[in-house]
>>> print(open('data_2.txt').read())   # compact mmCIF, N, CA and C atoms
# COMPACT_ATOMS: atom_id res chain seq x y z
N MET A 1 93.36 161.41 160.72
CA MET A 1 92.83 161.83 161.99
C MET A 1 91.97 163.07 161.78
N GLU A 2 90.82 163.07 162.37
CA GLU A 2 89.89 164.17 162.23
C GLU A 2 90.34 165.37 163.06
N THR A 3 89.96 166.57 162.62
CA THR A 3 90.31 167.80 163.33
C THR A 3 89.84 167.77 164.76
N ASN A 4 88.59 167.33 165.00
CA ASN A 4 88.05 167.29 166.36
C ASN A 4 88.87 166.38 167.26
N GLU A 5 89.34 165.27 166.71
CA GLU A 5 90.16 164.35 167.49
C GLU A 5 91.50 165.01 167.86
N LYS A 6 92.08 165.80 166.95
CA LYS A 6 93.32 166.51 167.23
C LYS A 6 93.14 167.53 168.34
N LEU A 7 91.96 168.11 168.44
CA LEU A 7 91.71 169.11 169.47
C LEU A 7 91.66 168.52 170.87
N THR A 8 91.56 167.21 170.97
CA THR A 8 91.48 166.57 172.29
C THR A 8 92.81 165.97 172.73
N LYS A 9 93.86 166.12 171.94
CA LYS A 9 95.18 165.56 172.27
C LYS A 9 95.85 166.35 173.37
N GLY A 10 96.55 165.63 174.27
CA GLY A 10 97.32 166.27 175.34
C GLY A 10 98.78 166.44 174.93
N ILE A 11 99.56 166.93 175.88
CA ILE A 11 100.99 167.17 175.65
C ILE A 11 101.75 165.85 175.85
N GLY A 12 102.61 165.54 174.91
CA GLY A 12 103.39 164.32 174.98
C GLY A 12 104.57 164.43 175.94
N THR A 13 105.26 163.31 176.13
CA THR A 13 106.41 163.27 177.04
C THR A 13 107.71 162.92 176.34
N LYS A 14 107.64 162.62 175.05
CA LYS A 14 108.83 162.19 174.32
C LYS A 14 109.51 163.38 173.65
N GLU A 15 110.83 163.41 173.75
CA GLU A 15 111.63 164.43 173.08
C GLU A 15 111.71 164.10 171.59
N PRO A 16 111.77 165.12 170.71
CA PRO A 16 111.92 164.83 169.29
C PRO A 16 113.31 164.26 169.01
N GLU A 17 113.40 163.48 167.95
CA GLU A 17 114.68 162.91 167.54
C GLU A 17 115.62 164.03 167.12
N THR A 18 116.83 164.01 167.65
CA THR A 18 117.83 164.99 167.24
C THR A 18 119.06 164.26 166.73
N LEU A 19 119.61 164.76 165.68
CA LEU A 19 120.81 164.18 165.10
C LEU A 19 122.02 164.97 165.53
N LYS A 20 123.08 164.28 165.84
CA LYS A 20 124.33 164.92 166.21
C LYS A 20 125.07 165.33 164.95
N PRO A 21 125.88 166.38 165.03
CA PRO A 21 126.69 166.76 163.87
C PRO A 21 127.55 165.59 163.39
N ALA A 22 127.58 165.41 162.10
CA ALA A 22 128.36 164.34 161.47
C ALA A 22 128.63 164.73 160.02
N ARG A 23 129.36 163.90 159.33
CA ARG A 23 129.64 164.14 157.91
C ARG A 23 128.45 163.62 157.11
N VAL A 24 127.88 164.48 156.26
CA VAL A 24 126.74 164.11 155.44
C VAL A 24 127.15 164.12 153.96
N THR A 25 126.37 163.40 153.16
CA THR A 25 126.59 163.36 151.72
C THR A 25 125.36 163.97 151.04
N VAL A 26 125.60 164.89 150.12
CA VAL A 26 124.50 165.53 149.38
C VAL A 26 124.00 164.54 148.33
N LYS A 27 122.71 164.22 148.40
CA LYS A 27 122.09 163.29 147.47
C LYS A 27 121.30 163.99 146.38
N ASP A 28 120.81 165.19 146.67
CA ASP A 28 120.02 165.94 145.69
C ASP A 28 120.03 167.41 146.10
N VAL A 29 119.73 168.27 145.15
CA VAL A 29 119.65 169.72 145.39
C VAL A 29 118.36 170.21 144.76
N LYS A 30 117.64 171.07 145.49
CA LYS A 30 116.42 171.65 144.94
C LYS A 30 116.31 173.09 145.41
N ILE A 31 115.49 173.84 144.72
CA ILE A 31 115.23 175.23 145.10
C ILE A 31 113.74 175.34 145.39
N GLU A 32 113.43 175.91 146.56
CA GLU A 32 112.03 176.05 146.96
C GLU A 32 111.71 177.51 147.24
N PRO A 33 110.51 177.93 146.86
CA PRO A 33 110.11 179.30 147.18
C PRO A 33 109.83 179.45 148.67
N VAL A 34 110.15 180.63 149.18
CA VAL A 34 109.89 180.96 150.59
C VAL A 34 109.09 182.25 150.60
N LYS A 35 107.98 182.23 151.30
CA LYS A 35 107.10 183.40 151.37
C LYS A 35 107.41 184.23 152.60
N PHE A 36 107.48 185.53 152.41
CA PHE A 36 107.65 186.49 153.50
C PHE A 36 106.48 187.45 153.49
N ALA A 37 106.31 188.18 154.55
CA ALA A 37 105.22 189.16 154.63
C ALA A 37 105.37 190.22 153.54
N LYS A 38 106.58 190.69 153.32
CA LYS A 38 106.78 191.78 152.36
C LYS A 38 107.49 191.35 151.08
N ASP A 39 108.09 190.19 151.08
CA ASP A 39 108.91 189.78 149.95
C ASP A 39 108.86 188.26 149.79
N ASP A 40 109.17 187.78 148.61
CA ASP A 40 109.31 186.35 148.36
C ASP A 40 110.76 186.08 148.00
N GLY A 41 111.21 184.88 148.26
CA GLY A 41 112.57 184.50 147.92
C GLY A 41 112.63 183.02 147.59
N GLU A 42 113.82 182.56 147.31
CA GLU A 42 114.05 181.15 147.04
C GLU A 42 115.24 180.69 147.86
N LYS A 43 115.12 179.48 148.40
CA LYS A 43 116.18 178.89 149.19
C LYS A 43 116.65 177.60 148.53
N VAL A 44 117.94 177.38 148.57
CA VAL A 44 118.51 176.13 148.07
C VAL A 44 118.42 175.11 149.21
N ILE A 45 117.88 173.95 148.90
CA ILE A 45 117.73 172.87 149.86
C ILE A 45 118.64 171.73 149.42
N LEU A 46 119.53 171.33 150.31
CA LEU A 46 120.40 170.19 150.03
C LEU A 46 119.80 168.97 150.73
N VAL A 47 119.47 167.98 149.95
CA VAL A 47 118.92 166.74 150.47
C VAL A 47 120.12 165.85 150.80
N CYS A 48 120.31 165.57 152.10
CA CYS A 48 121.54 164.93 152.56
C CYS A 48 121.27 163.60 153.26
N LYS A 49 122.24 162.73 153.19
CA LYS A 49 122.21 161.45 153.91
C LYS A 49 123.11 161.58 155.13
N HIS A 50 122.52 161.40 156.31
CA HIS A 50 123.23 161.43 157.59
C HIS A 50 123.51 159.99 157.99
N PRO A 51 124.70 159.69 158.52
CA PRO A 51 125.03 158.29 158.83
C PRO A 51 124.15 157.67 159.92
N ASP A 52 123.50 158.47 160.75
CA ASP A 52 122.70 157.94 161.84
C ASP A 52 121.20 157.90 161.54
N ARG A 53 120.83 158.11 160.28
CA ARG A 53 119.41 158.15 159.93
C ARG A 53 119.17 157.48 158.59
N GLU A 54 118.12 156.70 158.53
CA GLU A 54 117.77 155.98 157.30
C GLU A 54 117.29 156.95 156.22
N GLU A 55 116.37 157.87 156.61
CA GLU A 55 115.82 158.81 155.65
C GLU A 55 116.79 159.97 155.44
N THR A 56 116.61 160.66 154.30
CA THR A 56 117.42 161.85 154.06
C THR A 56 116.89 163.01 154.89
N LEU A 57 117.69 164.06 155.02
CA LEU A 57 117.25 165.27 155.70
C LEU A 57 117.58 166.46 154.82
N ASN A 58 116.79 167.52 154.98
CA ASN A 58 116.98 168.74 154.20
C ASN A 58 117.79 169.75 155.01
N ILE A 59 118.83 170.29 154.39
CA ILE A 59 119.66 171.32 155.02
C ILE A 59 119.62 172.55 154.12
N SER A 60 119.29 173.70 154.73
CA SER A 60 119.17 174.92 153.94
C SER A 60 119.95 176.09 154.56
N LYS A 61 120.89 175.77 155.45
CA LYS A 61 121.74 176.80 156.06
C LYS A 61 123.17 176.30 156.11
N ALA A 62 124.10 177.24 156.17
CA ALA A 62 125.51 176.88 156.27
C ALA A 62 126.21 177.82 157.23
N GLN A 63 127.20 177.29 157.92
CA GLN A 63 128.05 178.13 158.74
C GLN A 63 129.26 178.51 157.88
N VAL A 64 129.45 179.81 157.70
CA VAL A 64 130.52 180.35 156.86
C VAL A 64 131.31 181.38 157.66
N MET A 65 132.47 181.76 157.14
CA MET A 65 133.30 182.78 157.79
C MET A 65 132.99 184.13 157.16
N ARG A 66 132.72 185.12 158.02
CA ARG A 66 132.51 186.49 157.59
C ARG A 66 133.31 187.40 158.50
N LYS A 67 134.32 188.06 157.95
CA LYS A 67 135.16 188.97 158.73
C LYS A 67 135.69 188.28 159.99
N ASP A 68 136.30 187.11 159.81
CA ASP A 68 136.90 186.34 160.89
C ASP A 68 135.90 185.87 161.95
N THR A 69 134.62 185.83 161.61
CA THR A 69 133.58 185.36 162.52
C THR A 69 132.75 184.30 161.81
N ARG A 70 132.45 183.22 162.54
CA ARG A 70 131.58 182.18 161.98
C ARG A 70 130.12 182.64 162.09
N LYS A 71 129.40 182.55 160.97
CA LYS A 71 127.99 182.94 160.94
C LYS A 71 127.18 181.85 160.26
N ILE A 72 125.99 181.63 160.77
CA ILE A 72 125.08 180.68 160.13
C ILE A 72 124.10 181.49 159.29
N ILE A 73 124.09 181.18 157.99
CA ILE A 73 123.31 181.95 157.02
C ILE A 73 122.52 180.99 156.13
N GLY A 74 121.30 181.37 155.80
CA GLY A 74 120.48 180.58 154.90
C GLY A 74 121.06 180.54 153.50
N LEU A 75 120.82 179.45 152.82
CA LEU A 75 121.31 179.28 151.44
C LEU A 75 120.30 179.88 150.46
N TRP A 76 120.20 181.20 150.50
CA TRP A 76 119.28 181.92 149.62
C TRP A 76 119.82 181.93 148.21
N TYR A 77 118.91 181.78 147.26
CA TYR A 77 119.30 181.86 145.85
C TYR A 77 119.07 183.29 145.37
N ASN A 78 120.17 183.96 145.06
CA ASN A 78 120.12 185.33 144.53
C ASN A 78 121.09 185.44 143.36
N GLU A 79 120.68 186.18 142.35
CA GLU A 79 121.52 186.38 141.16
C GLU A 79 122.04 187.80 141.10
N ASP A 80 123.22 187.95 140.48
CA ASP A 80 123.78 189.28 140.25
C ASP A 80 123.24 189.85 138.93
N ALA A 81 123.76 190.98 138.51
CA ALA A 81 123.29 191.65 137.29
C ALA A 81 123.52 190.81 136.03
N ASP A 82 124.47 189.87 136.10
CA ASP A 82 124.75 189.00 134.95
C ASP A 82 123.95 187.70 134.99
N GLY A 83 123.09 187.54 135.99
CA GLY A 83 122.30 186.33 136.09
C GLY A 83 123.05 185.16 136.72
N LEU A 84 124.15 185.43 137.40
CA LEU A 84 124.93 184.39 138.07
C LEU A 84 124.69 184.46 139.57
N ILE A 85 125.10 183.41 140.27
CA ILE A 85 124.93 183.36 141.73
C ILE A 85 125.71 184.51 142.35
N LEU A 86 125.06 185.22 143.26
CA LEU A 86 125.66 186.38 143.91
C LEU A 86 126.98 186.01 144.59
N LYS A 87 128.02 186.76 144.26
CA LYS A 87 129.40 186.47 144.68
C LYS A 87 129.58 186.34 146.18
N ASN A 88 128.95 187.21 146.97
CA ASN A 88 129.19 187.21 148.41
C ASN A 88 128.08 186.51 149.20
N SER A 89 127.33 185.63 148.56
CA SER A 89 126.25 184.92 149.24
C SER A 89 126.79 183.67 149.94
N ALA A 90 126.01 183.16 150.90
CA ALA A 90 126.37 181.92 151.58
C ALA A 90 126.41 180.76 150.58
N LEU A 91 125.51 180.78 149.59
CA LEU A 91 125.52 179.74 148.57
C LEU A 91 126.84 179.75 147.80
N ALA A 92 127.32 180.93 147.43
CA ALA A 92 128.61 181.03 146.74
C ALA A 92 129.74 180.52 147.63
N ASP A 93 129.68 180.82 148.93
CA ASP A 93 130.69 180.31 149.86
C ASP A 93 130.70 178.79 149.89
N VAL A 94 129.52 178.18 149.91
CA VAL A 94 129.42 176.71 149.91
C VAL A 94 129.99 176.14 148.61
N LEU A 95 129.65 176.76 147.48
CA LEU A 95 130.16 176.28 146.19
C LEU A 95 131.68 176.37 146.15
N ARG A 96 132.23 177.50 146.60
CA ARG A 96 133.70 177.64 146.62
C ARG A 96 134.34 176.62 147.55
N PHE A 97 133.75 176.41 148.72
CA PHE A 97 134.29 175.45 149.68
C PHE A 97 134.31 174.04 149.08
N ALA A 98 133.27 173.69 148.33
CA ALA A 98 133.17 172.37 147.71
C ALA A 98 133.96 172.29 146.41
N ASN A 99 134.53 173.43 145.99
CA ASN A 99 135.33 173.51 144.76
C ASN A 99 134.50 173.14 143.52
N VAL A 100 133.27 173.67 143.47
CA VAL A 100 132.41 173.51 142.31
C VAL A 100 131.87 174.88 141.91
N ASN A 101 131.35 174.98 140.70
CA ASN A 101 130.86 176.26 140.19
C ASN A 101 129.34 176.33 140.08
N GLN A 102 128.69 175.19 140.05
CA GLN A 102 127.24 175.14 139.89
C GLN A 102 126.60 174.39 141.06
N THR A 103 125.43 174.82 141.44
CA THR A 103 124.73 174.22 142.57
C THR A 103 124.49 172.73 142.36
N GLN A 104 124.14 172.34 141.15
CA GLN A 104 123.87 170.92 140.86
C GLN A 104 125.10 170.05 141.08
N ASP A 105 126.30 170.64 141.02
CA ASP A 105 127.54 169.88 141.21
C ASP A 105 127.81 169.55 142.68
N LEU A 106 126.95 170.01 143.59
CA LEU A 106 127.09 169.65 145.00
C LEU A 106 126.65 168.21 145.27
N VAL A 107 125.87 167.63 144.37
CA VAL A 107 125.42 166.25 144.53
C VAL A 107 126.65 165.34 144.58
N GLY A 108 126.71 164.52 145.60
CA GLY A 108 127.84 163.61 145.80
C GLY A 108 128.92 164.16 146.72
N LYS A 109 128.89 165.45 146.99
CA LYS A 109 129.88 166.08 147.87
C LYS A 109 129.56 165.77 149.33
N GLU A 110 130.61 165.72 150.14
CA GLU A 110 130.45 165.49 151.57
C GLU A 110 130.79 166.76 152.34
N PHE A 111 130.03 166.99 153.42
CA PHE A 111 130.24 168.15 154.28
C PHE A 111 130.14 167.72 155.73
N ASP A 112 130.93 168.35 156.58
CA ASP A 112 130.71 168.23 158.01
C ASP A 112 129.53 169.13 158.35
N THR A 113 128.85 168.82 159.44
CA THR A 113 127.73 169.64 159.88
C THR A 113 127.99 170.17 161.28
N VAL A 114 127.30 171.25 161.62
CA VAL A 114 127.32 171.84 162.96
C VAL A 114 125.88 172.14 163.33
N GLU A 115 125.63 172.35 164.62
CA GLU A 115 124.28 172.70 165.07
C GLU A 115 124.13 174.21 165.14
N ASP A 116 122.94 174.70 164.76
CA ASP A 116 122.65 176.12 164.95
C ASP A 116 122.11 176.31 166.38
N ALA A 117 121.72 177.50 166.71
CA ALA A 117 121.25 177.82 168.08
C ALA A 117 120.00 177.04 168.46
N ASN A 118 119.24 176.58 167.47
CA ASN A 118 118.00 175.83 167.74
C ASN A 118 118.19 174.32 167.67
N GLY A 119 119.43 173.87 167.45
CA GLY A 119 119.71 172.44 167.38
C GLY A 119 119.56 171.81 166.02
N TYR A 120 119.32 172.64 164.99
CA TYR A 120 119.21 172.12 163.63
C TYR A 120 120.59 172.01 162.99
N LEU A 121 120.79 171.03 162.12
CA LEU A 121 122.08 170.85 161.47
C LEU A 121 122.25 171.82 160.30
N CYS A 122 123.46 172.34 160.17
CA CYS A 122 123.86 173.23 159.08
C CYS A 122 125.17 172.70 158.50
N LEU A 123 125.41 173.03 157.23
CA LEU A 123 126.70 172.67 156.64
C LEU A 123 127.80 173.49 157.27
N LYS A 124 128.97 172.92 157.39
CA LYS A 124 130.16 173.66 157.80
C LYS A 124 130.93 173.92 156.52
N ALA A 125 131.01 175.19 156.10
CA ALA A 125 131.59 175.54 154.80
C ALA A 125 132.79 176.47 154.97
N TYR A 126 133.73 176.09 155.78
CA TYR A 126 134.97 176.84 155.96
C TYR A 126 136.02 175.87 156.52
N ASN A 127 137.27 176.25 156.42
CA ASN A 127 138.35 175.42 156.98
C ASN A 127 138.81 175.97 158.31
>>> encode(input="data_2.txt", output="structure tokens")
Amino acid sequence: METNEKLTKGIGTKEPETLKPARVTVKDVKIEPVKFAKDDGEKVILVCKHPDREETLNISKAQVMRKDTRKIIGLWYNEDADGLILKNSALADVLRFANVNQTQDLVGKEFDTVEDANGYLCLKAYN
């Protein structure tokens, strides 16, 4: 579609497809760079299979427990001084919850999901 044609499009009437929270299976794991105005970072992306969708979906946030409060936090990839995954990160929480030590070992694991404030699915990584 040409740019000029896109400029003539009106507002649609259809709501976007939304998936309800369900148990998903991790099919693949990847790390993608994320650009910020002042800093760059990397986020872990879990490629998951949802039972109500043919295609996979990417999940990059998890709901974890912090000081007796549930918080939704991005799965940022950060290393400590020894070059290991940061102990108190959301990614470390997900790994501990799944009872694995390496991010690649999440492939094949199942997680329940919850919705964030914007309606996007996040992993539920606490009991």
>>> residues_around(input="data_2.txt", residues="Gly41 in chain A", least_positions_apart="5", cutoff="8 Å", atoms="only C-alpha atoms", output="ChimeraX atom specification")
/A:33-36,76-77
>>> atom_distance(input="data_2.txt", atom1="CA of Ala117 in chain A", atom2="atom C of Lys61 in chain A")
12.2 Å
>>> atom_distance(input="data_2.txt", atom1="CA of Pro16 in chain A", atom2="CA of Thr56 in chain A")
16.5 Å
>>> closest_residue(input="data_2.txt", among="A:Leu19, A:Ile73, A:Val44, A:Ile11", to="Gly119 in chain A", atoms="only N, CA and C atoms")
A:Leu19
>>> closest_residue(input="data_2.txt", among="A:Asp116, A:Lys6, A:Ile72, A:Ala62", to="Phe97 in chain A", atoms="only C-alpha atoms")
A:Ala62
>>> residues_around(input="data_2.txt", residues="Thr18 in chain A", least_positions_apart="4", cutoff="12 Å", atoms="only C-alpha atoms", output="PyMOL selection string")
chain A and resi 14+50+52-53+57+115+118-121
>>> atom_distance(input="data_2.txt", atom1="CA of Leu123 in chain A", atom2="CA of Glu79 in chain A")
21.3 Å
>>> closest_residue(input="data_2.txt", among="A:Arg70, A:Lys109, A:Gln63, A:Thr25", to="Cys48 in chain A", atoms="only C-alpha atoms")
A:Thr25
>>> closest_residue(input="data_2.txt", among="A:Thr13, A:Thr103, A:Asn78, A:Thr8", to="Lys30 in chain A", atoms="only C-alpha atoms")
A:Thr103
>>> residues_around(input="data_2.txt", residues="Phe111 in chain A", least_positions_apart="2", cutoff="10 Å", atoms="only C-alpha atoms", output="list in words")
Ala22, Arg23, Val24, Thr25, Val26, Cys48, Val94, Phe97, Ala98, Leu106, Gly108, Lys109, Thr113, Val114, Cys122, Leu123, Lys124 and Ala125 of chain A
